[in-house]
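Asks: Below you'll find input_6.cif; it's mmCIF, C-alpha atoms.
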data_entry
loop_
_atom_site.group_PDB
_atom_site.id
_atom_site.type_symbol
_atom_site.label_atom_id
_atom_site.label_comp_id
_atom_site.auth_asym_id
_atom_site.auth_seq_id
_atom_site.Cartn_x
_atom_site.Cartn_y
_atom_site.Cartn_z
ATOM 1 C CA MET A 1 -196.926 -141.765 -106.463
ATOM 2 C CA ASN A 2 -194.479 -139.204 -107.724
ATOM 3 C CA TYR A 3 -191.065 -137.856 -106.841
ATOM 4 C CA TYR A 4 -192.470 -134.616 -105.447
ATOM 5 C CA GLN A 5 -194.177 -136.167 -102.435
ATOM 6 C CA GLY A 6 -192.396 -136.006 -99.092
ATOM 7 C CA SER A 7 -191.537 -139.714 -98.843
ATOM 8 C CA LYS A 8 -189.430 -139.503 -102.019
ATOM 9 C CA GLN A 9 -187.360 -136.527 -100.846
ATOM 10 C CA PRO A 10 -184.085 -136.926 -98.956
ATOM 11 C CA SER A 11 -184.334 -136.394 -95.220
ATOM 12 C CA LEU A 12 -182.216 -133.638 -93.742
ATOM 13 C CA LYS A 13 -182.110 -135.362 -90.332
ATOM 14 C CA GLY A 14 -179.622 -137.887 -88.976
ATOM 15 C CA ASP A 15 -176.514 -139.119 -90.729
ATOM 16 C CA GLN A 16 -178.122 -139.726 -94.113
ATOM 17 C CA LYS A 17 -175.820 -138.843 -96.977
ATOM 18 C CA VAL A 18 -177.142 -137.094 -100.082
ATOM 19 C CA ILE A 19 -174.682 -137.617 -102.929
ATOM 20 C CA LYS A 20 -174.554 -137.220 -106.698
ATOM 21 C CA PHE A 21 -174.526 -140.429 -108.728
ATOM 22 C CA ALA A 22 -170.999 -139.870 -110.122
ATOM 23 C CA ASP A 23 -169.637 -139.207 -106.622
ATOM 24 C CA TRP A 24 -171.417 -142.291 -105.265
ATOM 25 C CA LEU A 25 -169.775 -144.467 -107.947
ATOM 26 C CA LYS A 26 -166.411 -142.860 -107.211
ATOM 27 C CA GLU A 27 -166.755 -143.634 -103.492
ATOM 28 C CA LEU A 28 -167.814 -147.235 -104.213
ATOM 29 C CA ARG A 29 -164.783 -147.726 -106.459
ATOM 30 C CA SER A 30 -162.366 -146.200 -103.955
ATOM 31 C CA ARG A 31 -163.818 -148.278 -101.104
ATOM 32 C CA PHE A 32 -164.283 -151.660 -102.817
ATOM 33 C CA GLY A 33 -162.414 -151.497 -106.133
ATOM 34 C CA GLU A 34 -163.391 -151.299 -109.773
ATOM 35 C CA ASP A 35 -165.211 -154.657 -109.871
ATOM 36 C CA ASP A 36 -168.855 -153.854 -109.083
ATOM 37 C CA GLU A 37 -169.414 -157.415 -107.856
ATOM 38 C CA ASP A 38 -167.275 -156.561 -104.806
ATOM 39 C CA TRP A 39 -169.414 -153.562 -103.828
ATOM 40 C CA LYS A 40 -171.121 -154.174 -100.462
ATOM 41 C CA PHE A 41 -174.190 -152.659 -98.831
ATOM 42 C CA VAL A 42 -175.848 -153.027 -95.413
ATOM 43 C CA CYS A 43 -179.532 -153.824 -94.979
ATOM 44 C CA PRO A 44 -180.868 -151.180 -92.548
ATOM 45 C CA SER A 45 -183.422 -153.616 -91.143
ATOM 46 C CA CYS A 46 -181.363 -156.708 -90.274
ATOM 47 C CA GLY A 47 -177.786 -155.455 -90.691
ATOM 48 C CA HIS A 48 -176.828 -158.107 -93.241
ATOM 49 C CA VAL A 49 -173.845 -157.102 -95.385
ATOM 50 C CA GLN A 50 -174.415 -158.144 -98.989
ATOM 51 C CA SER A 51 -172.546 -157.719 -102.229
ATOM 52 C CA VAL A 52 -173.571 -157.533 -105.857
ATOM 53 C CA ALA A 53 -171.830 -160.908 -106.312
ATOM 54 C CA ASP A 54 -174.069 -162.462 -103.621
ATOM 55 C CA PHE A 55 -177.147 -161.576 -105.673
ATOM 56 C CA LYS A 56 -175.638 -162.779 -108.936
ATOM 57 C CA ALA A 57 -174.622 -166.070 -107.283
ATOM 58 C CA ILE A 58 -178.272 -166.911 -106.607
ATOM 59 C CA GLY A 59 -179.462 -165.754 -110.043
ATOM 60 C CA VAL A 60 -180.883 -162.352 -109.021
ATOM 61 C CA ASP A 61 -180.087 -159.006 -110.651
ATOM 62 C CA GLY A 62 -177.030 -157.627 -108.842
ATOM 63 C CA ASN A 63 -178.412 -154.078 -108.991
ATOM 64 C CA LYS A 64 -180.879 -155.042 -106.247
ATOM 65 C CA ALA A 65 -178.011 -155.254 -103.733
ATOM 66 C CA TYR A 66 -178.286 -151.552 -102.959
ATOM 67 C CA TYR A 67 -182.024 -151.445 -102.195
ATOM 68 C CA GLU A 68 -183.318 -154.953 -101.285
ATOM 69 C CA CYS A 69 -182.209 -157.360 -98.571
ATOM 70 C CA ILE A 70 -180.987 -160.615 -100.045
ATOM 71 C CA SER A 71 -183.313 -162.405 -97.597
ATOM 72 C CA ARG A 72 -186.132 -161.650 -100.063
ATOM 73 C CA TYR A 73 -184.533 -164.354 -102.233
ATOM 74 C CA LYS A 74 -182.449 -166.371 -99.781
ATOM 75 C CA ASN A 75 -183.745 -167.450 -96.383
ATOM 76 C CA ILE A 76 -181.324 -165.583 -94.084
ATOM 77 C CA ASP A 77 -181.434 -162.807 -91.492
ATOM 78 C CA GLY A 78 -178.420 -160.735 -90.536
ATOM 79 C CA LYS A 79 -179.455 -160.375 -86.874
ATOM 80 C CA THR A 80 -180.847 -163.693 -85.705
ATOM 81 C CA ASN A 81 -180.412 -166.149 -88.580
ATOM 82 C CA LYS A 82 -183.978 -167.219 -87.826
ATOM 83 C CA LYS A 83 -186.648 -165.285 -89.729
ATOM 84 C CA PRO A 84 -185.662 -163.401 -92.896
ATOM 85 C CA CYS A 85 -186.375 -159.674 -92.846
ATOM 86 C CA LYS A 86 -187.255 -159.325 -96.577
ATOM 87 C CA TYR A 87 -186.766 -155.529 -96.356
ATOM 88 C CA THR A 88 -186.758 -153.251 -99.403
ATOM 89 C CA LEU A 89 -186.425 -149.482 -99.772
ATOM 90 C CA CYS A 90 -189.310 -149.659 -102.250
ATOM 91 C CA GLY A 91 -191.753 -150.505 -99.460
ATOM 92 C CA LEU A 92 -193.961 -148.447 -97.195
ATOM 93 C CA PHE A 93 -191.392 -147.929 -94.424
ATOM 94 C CA VAL A 94 -188.068 -146.344 -95.302
ATOM 95 C CA LEU A 95 -185.364 -146.987 -92.705
ATOM 96 C CA ASP A 96 -181.886 -145.465 -92.443
ATOM 97 C CA HIS A 97 -180.465 -145.030 -95.942
ATOM 98 C CA ASP A 98 -178.538 -142.698 -98.223
ATOM 99 C CA THR A 99 -179.917 -140.804 -101.207
ATOM 100 C CA VAL A 100 -178.232 -140.697 -104.608
ATOM 101 C CA ILE A 101 -179.224 -137.919 -106.985
ATOM 102 C CA ASN A 102 -179.277 -139.569 -110.406
ATOM 103 C CA ASN A 103 -178.418 -138.000 -113.761
ATOM 104 C CA GLU A 104 -182.027 -136.828 -114.201
ATOM 105 C CA PHE A 105 -181.771 -135.030 -110.807
ATOM 106 C CA LEU A 106 -184.204 -137.436 -109.147
ATOM 107 C CA PRO A 107 -183.516 -138.828 -105.649
ATOM 108 C CA VAL A 108 -182.903 -142.588 -105.419
ATOM 109 C CA ASN A 109 -182.840 -144.243 -101.994
ATOM 110 C CA VAL A 110 -179.959 -146.685 -101.477
ATOM 111 C CA PHE A 111 -178.613 -148.805 -98.637
ATOM 112 C CA LYS A 112 -175.540 -147.436 -96.908
ATOM 113 C CA MET A 113 -172.195 -148.802 -98.061
ATOM 114 C CA ALA A 114 -170.625 -151.438 -95.853
ATOM 115 C CA ASP A 115 -167.510 -150.592 -93.898
ATOM 116 C CA VAL A 116 -164.264 -151.967 -95.224
ATOM 117 C CA PRO A 117 -162.478 -154.158 -92.649
ATOM 118 C CA GLY A 118 -159.742 -152.130 -90.973
ATOM 119 C CA GLU A 119 -161.286 -148.811 -92.020
ATOM 120 C CA SER A 120 -161.761 -146.413 -89.141
ATOM 121 C CA LYS A 121 -164.966 -144.435 -88.835
ATOM 122 C CA HIS A 122 -164.473 -140.718 -88.392
ATOM 123 C CA THR A 123 -166.969 -138.776 -86.341
ATOM 124 C CA ASP A 124 -167.148 -135.020 -86.351
#
Translate this file's structure into structure tokens.
Replies:
Amino acid sequence: MNYYQGSKQPSLKGDQKVIKFADWLKELRSRFGEDDEDWKFVCPSCGHVQSVADFKAIGVDGNKAYYECISRYKNIDGKTNKKPCKYTLCGLFVLDHDTVINNEFLPVNVFKMADVPGESKHTD
């Protein structure tokens, strides 16, 4: 696999956001604050909202919060609370996500940021 194949390129369809890494960090900080443990992401498969702190609390690398559902490590499911979804953006099927262009200009798939309570969604 390489970054030049179609599955690694950002989609131009839907509401997927393509953003530079520095701008992504800036948006995370403005939305959730400077403490990266408070940053929250939504699993596109089950809808579970998870934070970096949630991963660290169960002894898992907090960086996985933006591309793996916590149900891979903790037996939960955001939709039904029955069967865990165990979804990851590193798998065969890539669901709704955003793309961050890292400092080496390579696309990195990430979960969408969670909404902040009380924040209104703007639609154009």
Asks: Residues picked by the PyMOL selection byres ((chain A and resi 46-61) around 12) here, as a PyMOL selection string?
Replies: chain A and resi 28+32+35-45+62-88+95-97+111-116
Asks: Need the shell around stretch 14-23 of chain A: protein/DNA/RNA residues with any atom at most 9 Å away, counting all atoms listed in the file. Skip same-chain ones fewer than 4 positions apart. Format as a list of chain:residue names?
Replies: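 So the residues in contact are A:Pro10, A:Glu27, A:Leu28, A:Asp96, A:His97, A:Asp98, A:Thr99, A:Val100, A:Ile101, A:Asn102, A:Asn103, A:Phe105, A:Pro107, A:Lys112.
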Asks: Put a box with edges along x, y and z around all the listed atoms of stretch 59-74 of chain A, pad it by 6 Å on each side, then give me its centre and sizes in Å, one decimal, as AutoDock Vina command-line options.
Replies:
--center_x -181.6 --center_y -158.9 --center_z -104.1 --size_x 21.1 --size_y 26.9 --size_z 25.1
Asks: For stretch 50-69 of chain A, which lacks atoms in the input, supply N, CA, C and O atoms and format the output as a JSON list (two decimals), in the coordinates of the input.
Replies:
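Everything below was put into selection.json:
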[["chain", "number", "residue", "atom", "x", "y", "z"],
["A", 50, "GLN", "N", -174.24, -157.38, -97.75],
["A", 50, "GLN", "CA", -174.42, -158.14, -98.99],
["A", 50, "GLN", "C", -173.68, -157.46, -100.12],
["A", 50, "GLN", "O", -173.50, -156.25, -100.12],
["A", 51, "SER", "N", -173.26, -158.26, -101.07],
["A", 51, "SER", "CA", -172.55, -157.72, -102.23],
["A", 51, "SER", "C", -173.35, -157.98, -103.50],
["A", 51, "SER", "O", -174.29, -158.79, -103.51],
["A", 52, "VAL", "N", -172.96, -157.30, -104.55],
["A", 52, "VAL", "CA", -173.57, -157.53, -105.86],
["A", 52, "VAL", "C", -173.34, -158.99, -106.27],
["A", 52, "VAL", "O", -174.24, -159.65, -106.79],
["A", 53, "ALA", "N", -172.15, -159.52, -105.97],
["A", 53, "ALA", "CA", -171.83, -160.91, -106.31],
["A", 53, "ALA", "C", -172.75, -161.89, -105.60],
["A", 53, "ALA", "O", -173.10, -162.93, -106.16],
["A", 54, "ASP", "N", -173.16, -161.58, -104.36],
["A", 54, "ASP", "CA", -174.07, -162.46, -103.62],
["A", 54, "ASP", "C", -175.38, -162.62, -104.37],
["A", 54, "ASP", "O", -175.94, -163.72, -104.45],
["A", 55, "PHE", "N", -175.89, -161.53, -104.92],
["A", 55, "PHE", "CA", -177.15, -161.58, -105.67],
["A", 55, "PHE", "C", -176.97, -162.36, -106.97],
["A", 55, "PHE", "O", -177.79, -163.19, -107.32],
["A", 56, "LYS", "N", -175.88, -162.08, -107.67],
["A", 56, "LYS", "CA", -175.64, -162.78, -108.94],
["A", 56, "LYS", "C", -175.44, -164.28, -108.72],
["A", 56, "LYS", "O", -175.85, -165.09, -109.56],
["A", 57, "ALA", "N", -174.87, -164.66, -107.58],
["A", 57, "ALA", "CA", -174.62, -166.07, -107.28],
["A", 57, "ALA", "C", -175.91, -166.87, -107.13],
["A", 57, "ALA", "O", -175.92, -168.08, -107.36],
["A", 58, "ILE", "N", -177.00, -166.20, -106.75],
["A", 58, "ILE", "CA", -178.27, -166.91, -106.61],
["A", 58, "ILE", "C", -179.23, -166.61, -107.77],
["A", 58, "ILE", "O", -180.41, -166.91, -107.71],
["A", 59, "GLY", "N", -178.69, -165.99, -108.84],
["A", 59, "GLY", "CA", -179.46, -165.75, -110.04],
["A", 59, "GLY", "C", -180.38, -164.55, -110.00],
["A", 59, "GLY", "O", -181.37, -164.50, -110.72],
["A", 60, "VAL", "N", -180.06, -163.57, -109.14],
["A", 60, "VAL", "CA", -180.88, -162.35, -109.02],
["A", 60, "VAL", "C", -180.07, -161.18, -109.55],
["A", 60, "VAL", "O", -178.85, -161.14, -109.40],
["A", 61, "ASP", "N", -180.74, -160.21, -110.14],
["A", 61, "ASP", "CA", -180.09, -159.01, -110.65],
["A", 61, "ASP", "C", -179.23, -158.36, -109.56],
["A", 61, "ASP", "O", -179.74, -158.00, -108.50],
["A", 62, "GLY", "N", -177.96, -158.19, -109.81],
["A", 62, "GLY", "CA", -177.03, -157.63, -108.84],
["A", 62, "GLY", "C", -177.33, -156.19, -108.46],
["A", 62, "GLY", "O", -176.92, -155.73, -107.39],
["A", 63, "ASN", "N", -178.05, -155.46, -109.30],
["A", 63, "ASN", "CA", -178.41, -154.08, -108.99],
["A", 63, "ASN", "C", -179.34, -153.98, -107.79],
["A", 63, "ASN", "O", -179.48, -152.91, -107.20],
["A", 64, "LYS", "N", -179.98, -155.07, -107.40],
["A", 64, "LYS", "CA", -180.88, -155.04, -106.25],
["A", 64, "LYS", "C", -180.12, -155.01, -104.93],
["A", 64, "LYS", "O", -180.71, -154.77, -103.89],
["A", 65, "ALA", "N", -178.82, -155.21, -104.96],
["A", 65, "ALA", "CA", -178.01, -155.25, -103.73],
["A", 65, "ALA", "C", -178.05, -153.94, -102.97],
["A", 65, "ALA", "O", -177.87, -153.93, -101.76],
["A", 66, "TYR", "N", -178.30, -152.84, -103.64],
["A", 66, "TYR", "CA", -178.29, -151.55, -102.96],
["A", 66, "TYR", "C", -179.66, -151.10, -102.46],
["A", 66, "TYR", "O", -179.77, -150.06, -101.82],
["A", 67, "TYR", "N", -180.72, -151.87, -102.71],
["A", 67, "TYR", "CA", -182.02, -151.44, -102.20],
["A", 67, "TYR", "C", -182.93, -152.57, -101.71],
["A", 67, "TYR", "O", -184.02, -152.31, -101.20],
["A", 68, "GLU", "N", -182.52, -153.84, -101.81],
["A", 68, "GLU", "CA", -183.32, -154.95, -101.28],
["A", 68, "GLU", "C", -182.43, -155.88, -100.48],
["A", 68, "GLU", "O", -181.29, -156.16, -100.86],
["A", 69, "CYS", "N", -182.96, -156.37, -99.35],
["A", 69, "CYS", "CA", -182.21, -157.36, -98.57],
["A", 69, "CYS", "C", -182.22, -158.68, -99.33],
["A", 69, "CYS", "O", -183.24, -159.08, -99.90]]
